[in-house]
Protein chains: 2
Amino acid sequence: MLNYSASEENYLKTIFHLQTKDDNVTTNELAERLHTKPASITDMMKKLKTRKLVNYQPYRGFRLTAEGKKIALSIIRRHRLWEYFLAEKLKFNWDEVHEVAEQLEHVSSKKLIDKLDEYLDRPKFDPHGDPIPDTNGKMEASRQISLVALPINTPAKVCYVADQSELLLEYLQEKKINIGSVVVVRKKFVYDESLEIKLDNKPLMLTGQLAKKIFVCRQ
Amino acid sequence: MLNYSASEENYLKTIFHLQTKDDNVTTNELAERLHTKPASITDMMKKLKTRKLVNYQPYRGFRLTAEGKKIALSIIRRHRLWEYFLAEKLKFNWDEVHEVAEQLEHVSSKKLIDKLDEYLDRPKFDPHGDPIPDTNGKMEASRQISLVALPINTPAKVCYVADQSELLLEYLQEKKINIGSVVVVRKKFVYDESLEIKLDNKPLMLTGQLAKKIFVCRQ
DNA sequence: ATATTTTTTTAGGTTTGTCTAAATTTATTT
DNA sequence: AAATAAATTTAGACAAACCTAAAAAAATAT
């Protein structure tokens, strides 16, 4: 596998996240996600097309080729392994790992990633509960489910929060809801969708509005 | 401290390594070290001068300002901490760490480096025996000394070879002198400056010419 | 002290990745 | 089906970091 620029890697990674089975990714969609202008996307798509990393038809959007997908998965692998390292070993908070992993993911050394993987005991999920692809790009299905979908009396760990607004983060901090906190749902109230839970063994009430945004992993 | 490009960081770091108390660094010298052309050095020196990171007079060479030195030391800190991490935690060989650290050193996050430092128990020396600057740029004297300067009967480890010519590397391979090999000087012959040593417990004779180029770290 | 060589700088060009503004294509309304 | 709106592409420009070739300055040799 050749070496690609940090820019190319970011484009490939982001297309991977945006593309679905049936729909092509659109120029505007990708431009917004990358905080760049549509014209820049067109430029890069032409380039990635000549490298055979995307299928691109002018005005018709684009999607990754098999080769493009392979590269995207290797970037995602690097990103999530670094996130795991930062949280697990360096004790970063779960909300701080992403930004630094965005830089670390572009350090290209197969040996580095293989050894890091081994050092971390080949983790299958990153701190947000997203699965980490193996060397061949294979990964498990995400274990994440919304807290509202968690069956009663089934312990699970908080692994992701679907909204990074200041207010929500502050609220979570106040309630001591962190990545890794153990939750068990005790009762669900149909009336207002609120939940009675145990958070790290302490009882707590949550509104449905909040519980929808909290994602957990069953162990 | 602002953010600098990987290129700027490499220039500053390399100037730091090349500059001495009395002598300015020259354009050709730096160009050779960075595998770039003299014209590119002139361009960058103009730029670094406007940023007040180097003192530069056309045709008279250049040296770092106090601010430039501060930045250079922070890059060197990052580089050596990563080298230590790669060798100590990921079990890289000593001769493999440099290349990867060259990339990792440009990941800019103060928190990352502080936490890495802490995680590694604030090491004072990298695997080559070079001292690691602290947050304020302070560091100990290098542990490296030339093999000719190593006292008799003092075990030390080979940590650097001051000449990477084909012939020398071949010679070292033949004699099984590797980074990490343990050496003890048994006798020094004043007559021709040759040394009688033990290399990983096997006796060996070295000429002074060779011994001058081999650097070791006392443990 | 002049001529020659070496070093350094200047001038102008290239690539990568971005941008703005205008043109074009596609989608949506009426 | 025109007219309008939205999305996308093209054209041309710019900054960063490099390059080559020519010019200029400094160092060295005769």
# chains A, B, ... in the order shown; residues from 1 in each chain; ligands from 1
call {"tool": "calpha_fit_rmsd", "arguments": {"fixed": "chain A", "moving": "chain B"}}
result
1.6 Å
call {"tool": "residues_around", "arguments": {"residues": "Thr14 in chain B", "least_positions_apart": "2", "cutoff": "8 Å", "atoms": "only C-alpha atoms (C1' of nucleotides)", "output": "list in words"}}
result
Asn10, Tyr11, Leu12, Phe16, His17, Leu18, Leu30, Arg33 and Leu34 of chain B
call {"tool": "write_last_selection", "arguments": {"atoms": "C-alpha atoms", "output": "PDB file, in the first residue's frame"}}
result
ATOM      1  CA  ASN B  10      12.502  20.425  11.072  1.00  0.00           C
ATOM      2  CA  TYR B  11      14.495  23.498  10.146  1.00  0.00           C
ATOM      3  CA  LEU B  12      14.543  24.784  13.721  1.00  0.00           C
ATOM      4  CA  PHE B  16      19.764  23.657  16.890  1.00  0.00           C
ATOM      5  CA  HIS B  17      21.790  20.505  16.315  1.00  0.00           C
ATOM      6  CA  LEU B  18      24.217  22.248  13.969  1.00  0.00           C
ATOM      7  CA  LEU B  30      21.819  22.989   6.546  1.00  0.00           C
ATOM      8  CA  ARG B  33      21.489  17.929   6.472  1.00  0.00           C
ATOM      9  CA  LEU B  34      17.899  18.413   5.347  1.00  0.00           C
TER      10      LEU B  34
END
call {"tool": "interface_residues", "arguments": {"of": "chain B", "to": "chain A", "cutoff": "8 Å", "atoms": "only C-alpha atoms", "output": "list in words"}}
result
Lys89, Leu90, Lys91, Val100, Gln103, Leu104, Val107, Ser109, Leu112, Lys115, Leu116 and Tyr119 of chain B
call {"tool": "closest_atom_pairs", "arguments": {"of": "chain A", "to": "chain C", "cutoff": "12 Å", "atoms": "only C-alpha atoms (C1' of nucleotides)", "output": "tab-separated table"}}
result
residue	atom	partner	partner_atom	distance
A:Ser5	CA	C:DT16	C1'	9.5
A:Ala6	CA	C:DG17	C1'	10.8
A:Ser7	CA	C:DG17	C1'	8.0
A:Glu8	CA	C:DG17	C1'	9.9
A:His35	CA	C:DT18	C1'	11.4
A:Thr36	CA	C:DT18	C1'	8.3
A:Lys37	CA	C:DC19	C1'	7.9
A:Pro38	CA	C:DC19	C1'	10.4
A:Ala39	CA	C:DC19	C1'	8.5
A:Ser40	CA	C:DT18	C1'	6.7
A:Ile41	CA	C:DT18	C1'	10.1
A:Thr42	CA	C:DT18	C1'	11.9
A:Asp43	CA	C:DG17	C1'	9.0
A:Met44	CA	C:DG17	C1'	8.6
A:Lys47	CA	C:DT16	C1'	11.0
A:Pro58	CA	C:DT25	C1'	9.5
A:Tyr59	CA	C:DT25	C1'	7.4
A:Arg60	CA	C:DT26	C1'	9.5
call {"tool": "write_last_selection", "arguments": {"atoms": "N, CA and C atoms", "output": "JSON list (two decimals), in the first residue's frame"}}
result
[["chain", "number", "residue", "atom", "x", "y", "z"],
["A", 5, "SER", "N", -1.18, 11.47, 1.26],
["A", 5, "SER", "CA", -1.06, 12.69, 2.08],
["A", 5, "SER", "C", -2.13, 12.68, 3.16],
["A", 6, "ALA", "N", -1.91, 13.50, 4.19],
["A", 6, "ALA", "CA", -2.89, 13.61, 5.26],
["A", 6, "ALA", "C", -4.23, 14.05, 4.69],
["A", 7, "SER", "N", -4.20, 14.94, 3.70],
["A", 7, "SER", "CA", -5.43, 15.40, 3.07],
["A", 7, "SER", "C", -6.17, 14.25, 2.40],
["A", 8, "GLU", "N", -5.47, 13.52, 1.56],
["A", 8, "GLU", "CA", -6.10, 12.39, 0.88],
["A", 8, "GLU", "C", -6.68, 11.41, 1.90],
["A", 35, "HIS", "N", -15.15, 20.83, 6.41],
["A", 35, "HIS", "CA", -14.97, 22.27, 6.58],
["A", 35, "HIS", "C", -14.16, 22.86, 5.45],
["A", 36, "THR", "N", -14.57, 22.53, 4.24],
["A", 36, "THR", "CA", -13.89, 23.03, 3.07],
["A", 36, "THR", "C", -14.96, 23.40, 2.04],
["A", 37, "LYS", "N", -14.56, 23.96, 0.90],
["A", 37, "LYS", "CA", -15.54, 24.42, -0.08],
["A", 37, "LYS", "C", -15.78, 23.35, -1.15],
["A", 38, "PRO", "N", -16.99, 23.35, -1.74],
["A", 38, "PRO", "CA", -17.32, 22.35, -2.76],
["A", 38, "PRO", "C", -16.28, 22.27, -3.88],
["A", 39, "ALA", "N", -15.74, 23.42, -4.29],
["A", 39, "ALA", "CA", -14.76, 23.40, -5.39],
["A", 39, "ALA", "C", -13.54, 22.55, -5.03],
["A", 40, "SER", "N", -13.15, 22.57, -3.77],
["A", 40, "SER", "CA", -12.00, 21.78, -3.34],
["A", 40, "SER", "C", -12.31, 20.29, -3.42],
["A", 41, "ILE", "N", -13.55, 19.95, -3.13],
["A", 41, "ILE", "CA", -13.96, 18.54, -3.21],
["A", 41, "ILE", "C", -13.85, 18.04, -4.65],
["A", 42, "THR", "N", -14.36, 18.85, -5.58],
["A", 42, "THR", "CA", -14.30, 18.45, -6.99],
["A", 42, "THR", "C", -12.85, 18.20, -7.40],
["A", 43, "ASP", "N", -11.97, 19.14, -7.03],
["A", 43, "ASP", "CA", -10.55, 18.97, -7.35],
["A", 43, "ASP", "C", -10.03, 17.63, -6.85],
["A", 44, "MET", "N", -10.29, 17.37, -5.57],
["A", 44, "MET", "CA", -9.74, 16.16, -4.96],
["A", 44, "MET", "C", -10.37, 14.89, -5.55],
["A", 47, "LYS", "N", -8.62, 13.89, -8.59],
["A", 47, "LYS", "CA", -7.32, 13.30, -8.26],
["A", 47, "LYS", "C", -7.48, 11.87, -7.75],
["A", 58, "PRO", "N", -18.95, 13.18, -12.71],
["A", 58, "PRO", "CA", -19.34, 14.57, -12.50],
["A", 58, "PRO", "C", -20.84, 14.74, -12.30],
["A", 59, "TYR", "N", -21.20, 15.49, -11.31],
["A", 59, "TYR", "CA", -22.59, 15.80, -10.95],
["A", 59, "TYR", "C", -23.34, 14.62, -10.35],
["A", 60, "ARG", "N", -22.70, 13.47, -10.23],
["A", 60, "ARG", "CA", -23.41, 12.27, -9.78],
["A", 60, "ARG", "C", -22.89, 11.73, -8.45]]
call {"tool": "atom_distance", "arguments": {"atom1": "CA of Trp94 in chain B", "atom2": "CA of Arg78 in chain A"}}
result
23.0 Å
call {"tool": "interface_residues", "arguments": {"of": "chain D", "to": "chain B", "cutoff": "9 Å", "atoms": "only C-alpha atoms (C1' of nucleotides)", "output": "VMD selection string"}}
result
chain D and resid 17 to 19 25 to 26
call {"tool": "atom_distance", "arguments": {"atom1": "CA of Leu169 in chain A", "atom2": "CA of Phe215 in chain A"}}
result
14.0 Å
call {"tool": "atom_distance", "arguments": {"atom1": "CA of Glu29 in chain A", "atom2": "CA of Ile71 in chain A"}}
result
20.7 Å
call {"tool": "select_by_dssp", "arguments": {"residues": "chain A", "states": "strand (DSSP E or B)", "output": "PyMOL selection string"}}
result
chain A and resi 25+54-56+62-64+125+131+144-146+156-161+182-188+195-199+202-206+214-218
call {"tool": "write_last_selection", "arguments": {"atoms": "C-alpha atoms", "output": "PDB file, in the first residue's frame"}}
result
ATOM      1  CA  VAL A  25     -21.726  10.768  -1.299  1.00  0.00           C
ATOM      2  CA  VAL A  54     -13.051   6.575  -5.805  1.00  0.00           C
ATOM      3  CA  ASN A  55     -15.666   6.081  -8.480  1.00  0.00           C
ATOM      4  CA  TYR A  56     -16.679   9.549  -9.521  1.00  0.00           C
ATOM      5  CA  PHE A  62     -18.889   9.394  -5.651  1.00  0.00           C
ATOM      6  CA  ARG A  63     -18.079   6.329  -3.561  1.00  0.00           C
ATOM      7  CA  LEU A  64     -14.930   4.435  -2.627  1.00  0.00           C
ATOM      8  CA  PHE A 125     -13.433  -1.414  20.350  1.00  0.00           C
ATOM      9  CA  PRO A 131     -15.092  -1.301  16.455  1.00  0.00           C
ATOM     10  CA  GLN A 144     -23.449   0.446  20.664  1.00  0.00           C
ATOM     11  CA  ILE A 145     -27.126   0.743  21.438  1.00  0.00           C
ATOM     12  CA  SER A 146     -29.011   3.691  22.788  1.00  0.00           C
ATOM     13  CA  ALA A 156     -23.703  -2.123  30.163  1.00  0.00           C
ATOM     14  CA  LYS A 157     -21.014   0.523  29.827  1.00  0.00           C
ATOM     15  CA  VAL A 158     -21.428   4.043  28.574  1.00  0.00           C
ATOM     16  CA  CYS A 159     -19.414   4.246  25.345  1.00  0.00           C
ATOM     17  CA  TYR A 160     -20.596   7.220  23.322  1.00  0.00           C
ATOM     18  CA  VAL A 161     -22.677  10.349  23.509  1.00  0.00           C
ATOM     19  CA  VAL A 182     -21.563   1.033  34.338  1.00  0.00           C
ATOM     20  CA  VAL A 183     -25.324   1.438  33.928  1.00  0.00           C
ATOM     21  CA  VAL A 184     -28.233  -0.877  34.640  1.00  0.00           C
ATOM     22  CA  VAL A 185     -31.803   0.091  33.758  1.00  0.00           C
ATOM     23  CA  ARG A 186     -34.125  -0.681  36.660  1.00  0.00           C
ATOM     24  CA  LYS A 187     -37.451   0.661  35.433  1.00  0.00           C
ATOM     25  CA  LYS A 188     -38.832   2.293  32.311  1.00  0.00           C
ATOM     26  CA  LEU A 195     -35.712   5.802  33.121  1.00  0.00           C
ATOM     27  CA  GLU A 196     -34.737   4.762  36.581  1.00  0.00           C
ATOM     28  CA  ILE A 197     -31.158   3.516  36.394  1.00  0.00           C
ATOM     29  CA  LYS A 198     -28.189   2.609  38.524  1.00  0.00           C
ATOM     30  CA  LEU A 199     -25.046   4.496  37.516  1.00  0.00           C
ATOM     31  CA  LYS A 202     -25.911   4.750  42.526  1.00  0.00           C
ATOM     32  CA  PRO A 203     -29.584   5.301  41.657  1.00  0.00           C
ATOM     33  CA  LEU A 204     -30.409   8.028  39.151  1.00  0.00           C
ATOM     34  CA  MET A 205     -33.335   9.258  37.067  1.00  0.00           C
ATOM     35  CA  LEU A 206     -32.903  10.195  33.402  1.00  0.00           C
ATOM     36  CA  ILE A 214     -26.390   8.069  25.559  1.00  0.00           C
ATOM     37  CA  PHE A 215     -25.047   4.969  23.876  1.00  0.00           C
ATOM     38  CA  VAL A 216     -23.917   1.925  25.799  1.00  0.00           C
ATOM     39  CA  CYS A 217     -22.091  -1.333  25.090  1.00  0.00           C
ATOM     40  CA  ARG A 218     -23.304  -4.623  26.555  1.00  0.00           C
TER      41      ARG A 218
END
call {"tool": "residues_around", "arguments": {"residues": "Pro133 in chain B", "least_positions_apart": "6", "cutoff": "10 Å", "atoms": "only C-alpha atoms (C1' of nucleotides)", "output": "count of residues only"}}
result
13
call {"tool": "select_by_dssp", "arguments": {"residues": "range 5-213 of chain B", "states": "alpha helix (DSSP H)", "output": "MDAnalysis selection string"}}
result
chainID B and resid 6:18 27:33 38:50 66:88 97:104 110:119 166:175 208:211
